[in-house]
Amino acid sequence: MVRAGGVRFGMPSDSPIAIPVLAVRVGDTIFKDRATKPLTVDEIDWVLEHEHGPIARFIGVPEGNARRTWVYRLSGVIGCFNAPDDEALEEREPTLRSVDLIGGDVSRGVVSQYEIAAKDLTGDHLGLFIGAHSDDGKFNVPAQIIEIHQIPNRATRPGAVVTVRIGETPSQPARVDGGLYPPEQVFEIIELFQEGDPEYRHPRCYVNTRGGCSATISGEHYVSHGLIKLFTFDDPNATIQHNHGAGIVRPVKPKKFVANVLCTSHNHGLHPADDAAISFARFIRDIALEWRGGAGAWGDEAEVHISGDDFQRWALKLLLNHAAANAFTGNGGRVSTPIPPEAVDILLGRAEWPETWGMCVASQVDSPLTFDPFRNPEPILSDWWSAQPFLANGTNAICGGTVRLAGVEFGITLYNQGRELEAFSAPENPIRGSIQRPSFMRWEFEGVGKTVYFSWEDGWEHKTITYTMRR
Ligand SMILES: [Zn+2]
């Protein structure tokens, strides 16, 4: 069973927001359940090598002469009352300082290197490498971070205890080393891997499930940059933001409306999907600007031909970009939304969409999916896009959603829509009154139509839909 994650405006401060355990910082007030008093974090132990796997130990501020400690696996999520907003998260994002080729012809590799202060080390940095050398100074050797203990509030010596395992060199065996570092001490994090290795999985690329990543992460626009330019009429002073309480909540320049969730290679490979969305939006927008909500001219018959497969992929990508950045809300706050591996395979074209999954559009006037981009100019001038997820009960994994572009809404499901069932027409079904993957959508006024033709490579039957308009 599936429910829609509701868009919420503003976030209630008295209920916790779910954030990854890895994102908890000293000073956060975290929440376990209604029976347990929240814990304000005073110190954190990040431990990579623990008998139960990587863990975080959150140590509370002293209460009398006792301190409570909560221990978590790193892969989980936890409620947080004062989760860092996205601007703070963005600042915390280390900037890539250099990308260089190293080594000889045979073992060409890529090093990406960035600096980070000891106080900013979090669980995200466990397992990464910093530069070290053998005691005799002859060999450079990577040192892997296996433990971080943040103690910023200690009166005498605040800082971070960092433990690393230094690799083996010809002159000495591997060993564990480390110490207490002042908060502003800078570390150089080094990421080293083979260039062009088809197996390489960039840790921050959400489609990395089967490798194929490049060494650099790229800023992926939450919604295609080409669409933003189209709807802001190329205004250089235009700004954009999310208005549902998560994601980027303050206005930013379009080029900053990005999440670092795809590697450069995978980002590039998904461009045809953006082109399909831009073709659709431009066609609808141009008609709406002439028609002016009925005050202008409808004009002649017109049509546009678009790859339905690419358009469907674009809608899925929009949803997954937001899911990867945990930029959706639901259950009263920001939610952590895992991406199922099959969604990645479909997005990258490694797997076909099952026939009963995928895109759908309104086919009845009472469908919750909006289908009239021409009644008023809102969808063209300001409110030109939105995305809302469907989340799986229990896990909050993304299993589809709705995407609205230029006033037309598209349902996307990563599950069997159950069209043959009575429950499909139930009021709570967000895609009731719809048809799947139309071969065209046509808006008709006094017998004159504007038609979007979708081509499909799947070989299935495709219905058509004509919306008849009155002035
Ligand atoms: Zn990738």
# chains A, B, ... in the order shown; residues from 1 in each chain; ligands from 1
call {"tool": "select_by_dssp", "arguments": {"residues": "range 226-450 of chain A", "states": "alpha helix (DSSP H)", "output": "compact mmCIF listing (two decimals) with C-alpha atoms, in the first residue's frame"}}
result
# COMPACT_ATOMS: atom_id res chain seq x y z
CA GLY A 226 16.84 24.45 -19.44
CA LEU A 227 13.35 24.47 -17.95
CA ILE A 228 14.29 27.10 -15.39
CA LYS A 229 15.63 29.32 -18.17
CA LEU A 230 12.50 28.75 -20.23
CA PHE A 231 10.11 29.72 -17.46
CA THR A 264 29.54 13.85 -14.01
CA SER A 265 29.34 10.81 -16.25
CA HIS A 266 25.88 9.70 -15.16
CA ASN A 267 24.60 13.28 -15.10
CA HIS A 268 25.68 13.73 -18.70
CA GLY A 269 24.09 10.46 -19.82
CA HIS A 271 20.51 14.78 -20.73
CA PRO A 272 18.14 13.45 -23.44
CA ALA A 273 15.51 13.17 -20.73
CA ASP A 274 15.79 16.91 -20.05
CA ASP A 275 15.44 17.69 -23.74
CA ALA A 276 12.12 15.83 -23.90
CA ALA A 277 10.74 17.81 -20.96
CA ILE A 278 11.90 21.09 -22.49
CA SER A 279 10.17 20.30 -25.82
CA PHE A 280 6.93 19.55 -23.99
CA ALA A 281 7.10 22.64 -21.79
CA ARG A 282 7.98 25.01 -24.60
CA PHE A 283 5.05 23.79 -26.71
CA ILE A 284 2.52 24.20 -23.87
CA ARG A 285 3.99 27.50 -22.71
CA ASP A 286 3.90 29.13 -26.14
CA ILE A 287 0.23 28.23 -26.59
CA ALA A 288 -0.66 29.46 -23.11
CA LEU A 289 1.09 32.79 -23.70
CA GLU A 290 -0.98 33.35 -26.88
CA TRP A 291 -4.22 32.15 -25.32
CA GLY A 308 7.65 9.28 -24.43
CA ASP A 309 10.43 7.08 -23.10
CA ASP A 310 12.68 10.09 -22.51
CA PHE A 311 9.88 12.15 -21.01
CA GLN A 312 8.95 9.32 -18.63
CA ARG A 313 12.60 9.04 -17.69
CA TRP A 314 12.74 12.79 -16.98
CA ALA A 315 9.79 12.57 -14.60
CA LEU A 316 11.40 9.65 -12.77
CA LYS A 317 14.72 11.51 -12.59
CA LEU A 318 13.07 14.58 -11.08
CA LEU A 319 11.59 12.43 -8.33
CA LEU A 320 14.81 10.49 -7.72
CA ASN A 321 16.97 13.65 -7.61
CA HIS A 322 14.83 14.92 -4.77
CA ALA A 323 14.79 11.54 -3.05
CA ALA A 324 18.59 11.27 -3.29
CA PRO A 341 17.91 -0.38 -7.00
CA GLU A 342 15.30 -1.27 -9.63
CA ALA A 343 14.48 2.44 -9.97
CA VAL A 344 18.12 3.08 -10.87
CA ASP A 345 18.15 0.28 -13.45
CA ILE A 346 15.02 1.72 -15.09
CA LEU A 347 16.35 5.27 -15.01
CA GLU A 378 -0.30 30.61 -13.18
CA PRO A 379 1.26 27.35 -14.41
CA ILE A 380 3.26 29.26 -16.97
CA LEU A 381 4.30 32.35 -15.07
call {"tool": "residues_near_ligand", "arguments": {"ligand": "ligand 1", "cutoff": "6 Å", "atoms": "only C-alpha atoms and all ligand atoms", "output": "list in words"}}
result
His202, Cys205, Val207, Asn208, Cys213, Leu262, Cys263 and His266 of chain A
call {"tool": "write_last_selection", "arguments": {"atoms": "N, CA and C atoms", "output": "mmCIF file, in the first residue's frame"}}
result
data_model
loop_
_atom_site.group_PDB
_atom_site.id
_atom_site.type_symbol
_atom_site.label_atom_id
_atom_site.label_comp_id
_atom_site.auth_asym_id
_atom_site.auth_seq_id
_atom_site.Cartn_x
_atom_site.Cartn_y
_atom_site.Cartn_z
ATOM 1 N N HIS A 202 31.054 6.038 -7.517
ATOM 2 C CA HIS A 202 31.272 7.242 -6.720
ATOM 3 C C HIS A 202 30.326 7.206 -5.521
ATOM 4 N N CYS A 205 27.111 9.313 -5.790
ATOM 5 C CA CYS A 205 26.259 9.226 -6.981
ATOM 6 C C CYS A 205 25.166 8.192 -6.722
ATOM 7 N N VAL A 207 23.091 6.735 -8.630
ATOM 8 C CA VAL A 207 22.898 5.660 -9.614
ATOM 9 C C VAL A 207 24.146 4.786 -9.723
ATOM 10 N N ASN A 208 24.943 4.736 -8.643
ATOM 11 C CA ASN A 208 26.225 4.028 -8.691
ATOM 12 C C ASN A 208 26.085 2.516 -8.478
ATOM 13 N N CYS A 213 30.731 5.070 -12.813
ATOM 14 C CA CYS A 213 30.821 6.464 -12.367
ATOM 15 C C CYS A 213 32.128 7.098 -12.806
ATOM 16 N N LEU A 262 24.785 13.166 -8.371
ATOM 17 C CA LEU A 262 25.150 12.353 -9.536
ATOM 18 C C LEU A 262 26.594 12.653 -9.919
ATOM 19 N N CYS A 263 27.316 11.626 -10.373
ATOM 20 C CA CYS A 263 28.651 11.879 -10.895
ATOM 21 C C CYS A 263 28.506 12.534 -12.275
ATOM 22 N N HIS A 266 27.297 10.075 -15.177
ATOM 23 C CA HIS A 266 25.878 9.698 -15.156
ATOM 24 C C HIS A 266 24.983 10.907 -15.391
#
call {"tool": "select_by_dssp", "arguments": {"residues": "range 109-340 of chain A", "states": "strand (DSSP E or B)", "output": "number ranges by chain"}}
result
A: 109-117, 129-133, 140-151, 159-166, 169, 172, 175-181, 186-194, 217-221, 240, 252, 258-263, 302-307, 328-330, 333-335
call {"tool": "closest_residue", "arguments": {"among": "A:His225, A:Lys463, A:Glu301, A:Ser307", "to": "Gly447 in chain A", "atoms": "only C-alpha atoms"}}
result
A:Glu301
call {"tool": "closest_residue", "arguments": {"among": "A:Asn260, A:Ser218, A:Thr468, A:Ser75", "to": "Phe371 in chain A", "atoms": "only C-alpha atoms"}}
result
A:Thr468
call {"tool": "closest_residue", "arguments": {"among": "A:Asp177, A:Pro368, A:Arg375, A:Ala351", "to": "Ser425 in chain A", "atoms": "only C-alpha atoms"}}
result
A:Pro368
call {"tool": "closest_residue", "arguments": {"among": "A:Ala327, A:Cys360, A:Ile217, A:Ile55", "to": "Ile148 in chain A", "atoms": "only C-alpha atoms"}}
result
A:Ile55
call {"tool": "closest_residue", "arguments": {"among": "A:Ser336, A:Ser224, A:Asn376, A:Asn237", "to": "Gly294 in chain A", "atoms": "only C-alpha atoms"}}
result
A:Asn376
call {"tool": "residues_around", "arguments": {"residues": "Asp372 in chain A", "least_positions_apart": "4", "cutoff": "9 Å", "atoms": "only C-alpha atoms", "output": "number ranges by chain"}}
result
A: 376, 407-408, 443, 467, 469
call {"tool": "atom_distance", "arguments": {"atom1": "CA of Asp45 in chain A", "atom2": "CA of Thr163 in chain A"}}
result
11.0 Å
call {"tool": "closest_atom_pairs", "arguments": {"of": "range 276-353 of chain A", "to": "range 386-400 of chain A", "cutoff": "6 Å", "atoms": "only C-alpha atoms", "output": "CSV"}}
result
residue,atom,partner,partner_atom,distance
A:Thr337,CA,A:Ala397,CA,4.9
A:Pro338,CA,A:Ala397,CA,4.5
A:Ile339,CA,A:Ile398,CA,5.8
call {"tool": "decode", "arguments": {"residues": "range 419-433 of chain A", "atoms": "N, CA and C atoms", "output": "PDB file, in the first residue's frame"}}
result
ATOM      1  N   ARG A 419      -4.710  -1.454 -12.081  1.00  0.00           N
ATOM      2  CA  ARG A 419      -5.821  -0.829 -12.814  1.00  0.00           C
ATOM      3  C   ARG A 419      -7.063  -1.707 -12.888  1.00  0.00           C
ATOM      4  N   GLU A 420      -6.860  -3.044 -12.758  1.00  0.00           N
ATOM      5  CA  GLU A 420      -8.005  -3.963 -12.873  1.00  0.00           C
ATOM      6  C   GLU A 420      -8.792  -4.022 -11.553  1.00  0.00           C
ATOM      7  N   LEU A 421      -8.246  -3.455 -10.483  1.00  0.00           N
ATOM      8  CA  LEU A 421      -8.877  -3.588  -9.170  1.00  0.00           C
ATOM      9  C   LEU A 421      -9.877  -2.456  -8.915  1.00  0.00           C
ATOM     10  N   GLU A 422     -10.873  -2.765  -8.087  1.00  0.00           N
ATOM     11  CA  GLU A 422     -11.846  -1.754  -7.707  1.00  0.00           C
ATOM     12  C   GLU A 422     -11.168  -0.615  -6.951  1.00  0.00           C
ATOM     13  N   ALA A 423     -10.159  -0.974  -6.145  1.00  0.00           N
ATOM     14  CA  ALA A 423      -9.478   0.025  -5.317  1.00  0.00           C
ATOM     15  C   ALA A 423      -8.786   1.101  -6.154  1.00  0.00           C
ATOM     16  N   PHE A 424      -8.595   0.799  -7.446  1.00  0.00           N
ATOM     17  CA  PHE A 424      -7.928   1.806  -8.283  1.00  0.00           C
ATOM     18  C   PHE A 424      -8.744   3.101  -8.340  1.00  0.00           C
ATOM     19  N   SER A 425     -10.068   2.971  -8.273  1.00  0.00           N
ATOM     20  CA  SER A 425     -10.927   4.153  -8.359  1.00  0.00           C
ATOM     21  C   SER A 425     -11.219   4.776  -7.000  1.00  0.00           C
ATOM     22  N   ALA A 426     -10.595   4.254  -5.959  1.00  0.00           N
ATOM     23  CA  ALA A 426     -10.849   4.791  -4.614  1.00  0.00           C
ATOM     24  C   ALA A 426     -10.361   6.232  -4.520  1.00  0.00           C
ATOM     25  N   PRO A 427     -11.074   7.059  -3.740  1.00  0.00           N
ATOM     26  CA  PRO A 427     -10.725   8.486  -3.666  1.00  0.00           C
ATOM     27  C   PRO A 427      -9.283   8.735  -3.231  1.00  0.00           C
ATOM     28  N   GLU A 428      -8.720   7.847  -2.409  1.00  0.00           N
ATOM     29  CA  GLU A 428      -7.366   8.106  -1.901  1.00  0.00           C
ATOM     30  C   GLU A 428      -6.274   7.729  -2.898  1.00  0.00           C
ATOM     31  N   ASN A 429      -6.661   7.091  -4.022  1.00  0.00           N
ATOM     32  CA  ASN A 429      -5.634   6.747  -5.012  1.00  0.00           C
ATOM     33  C   ASN A 429      -5.247   8.002  -5.802  1.00  0.00           C
ATOM     34  N   PRO A 430      -3.995   8.435  -5.662  1.00  0.00           N
ATOM     35  CA  PRO A 430      -3.601   9.694  -6.308  1.00  0.00           C
ATOM     36  C   PRO A 430      -3.543   9.619  -7.832  1.00  0.00           C
ATOM     37  N   ILE A 431      -3.671   8.409  -8.409  1.00  0.00           N
ATOM     38  CA  ILE A 431      -3.644   8.311  -9.879  1.00  0.00           C
ATOM     39  C   ILE A 431      -4.937   7.740 -10.434  1.00  0.00           C
ATOM     40  N   ARG A 432      -6.023   7.852  -9.663  1.00  0.00           N
ATOM     41  CA  ARG A 432      -7.301   7.365 -10.194  1.00  0.00           C
ATOM     42  C   ARG A 432      -7.719   8.248 -11.385  1.00  0.00           C
ATOM     43  N   GLY A 433      -8.579   7.670 -12.238  1.00  0.00           N
ATOM     44  CA  GLY A 433      -9.066   8.449 -13.381  1.00  0.00           C
ATOM     45  C   GLY A 433      -7.954   8.813 -14.347  1.00  0.00           C
TER      46      GLY A 433
END
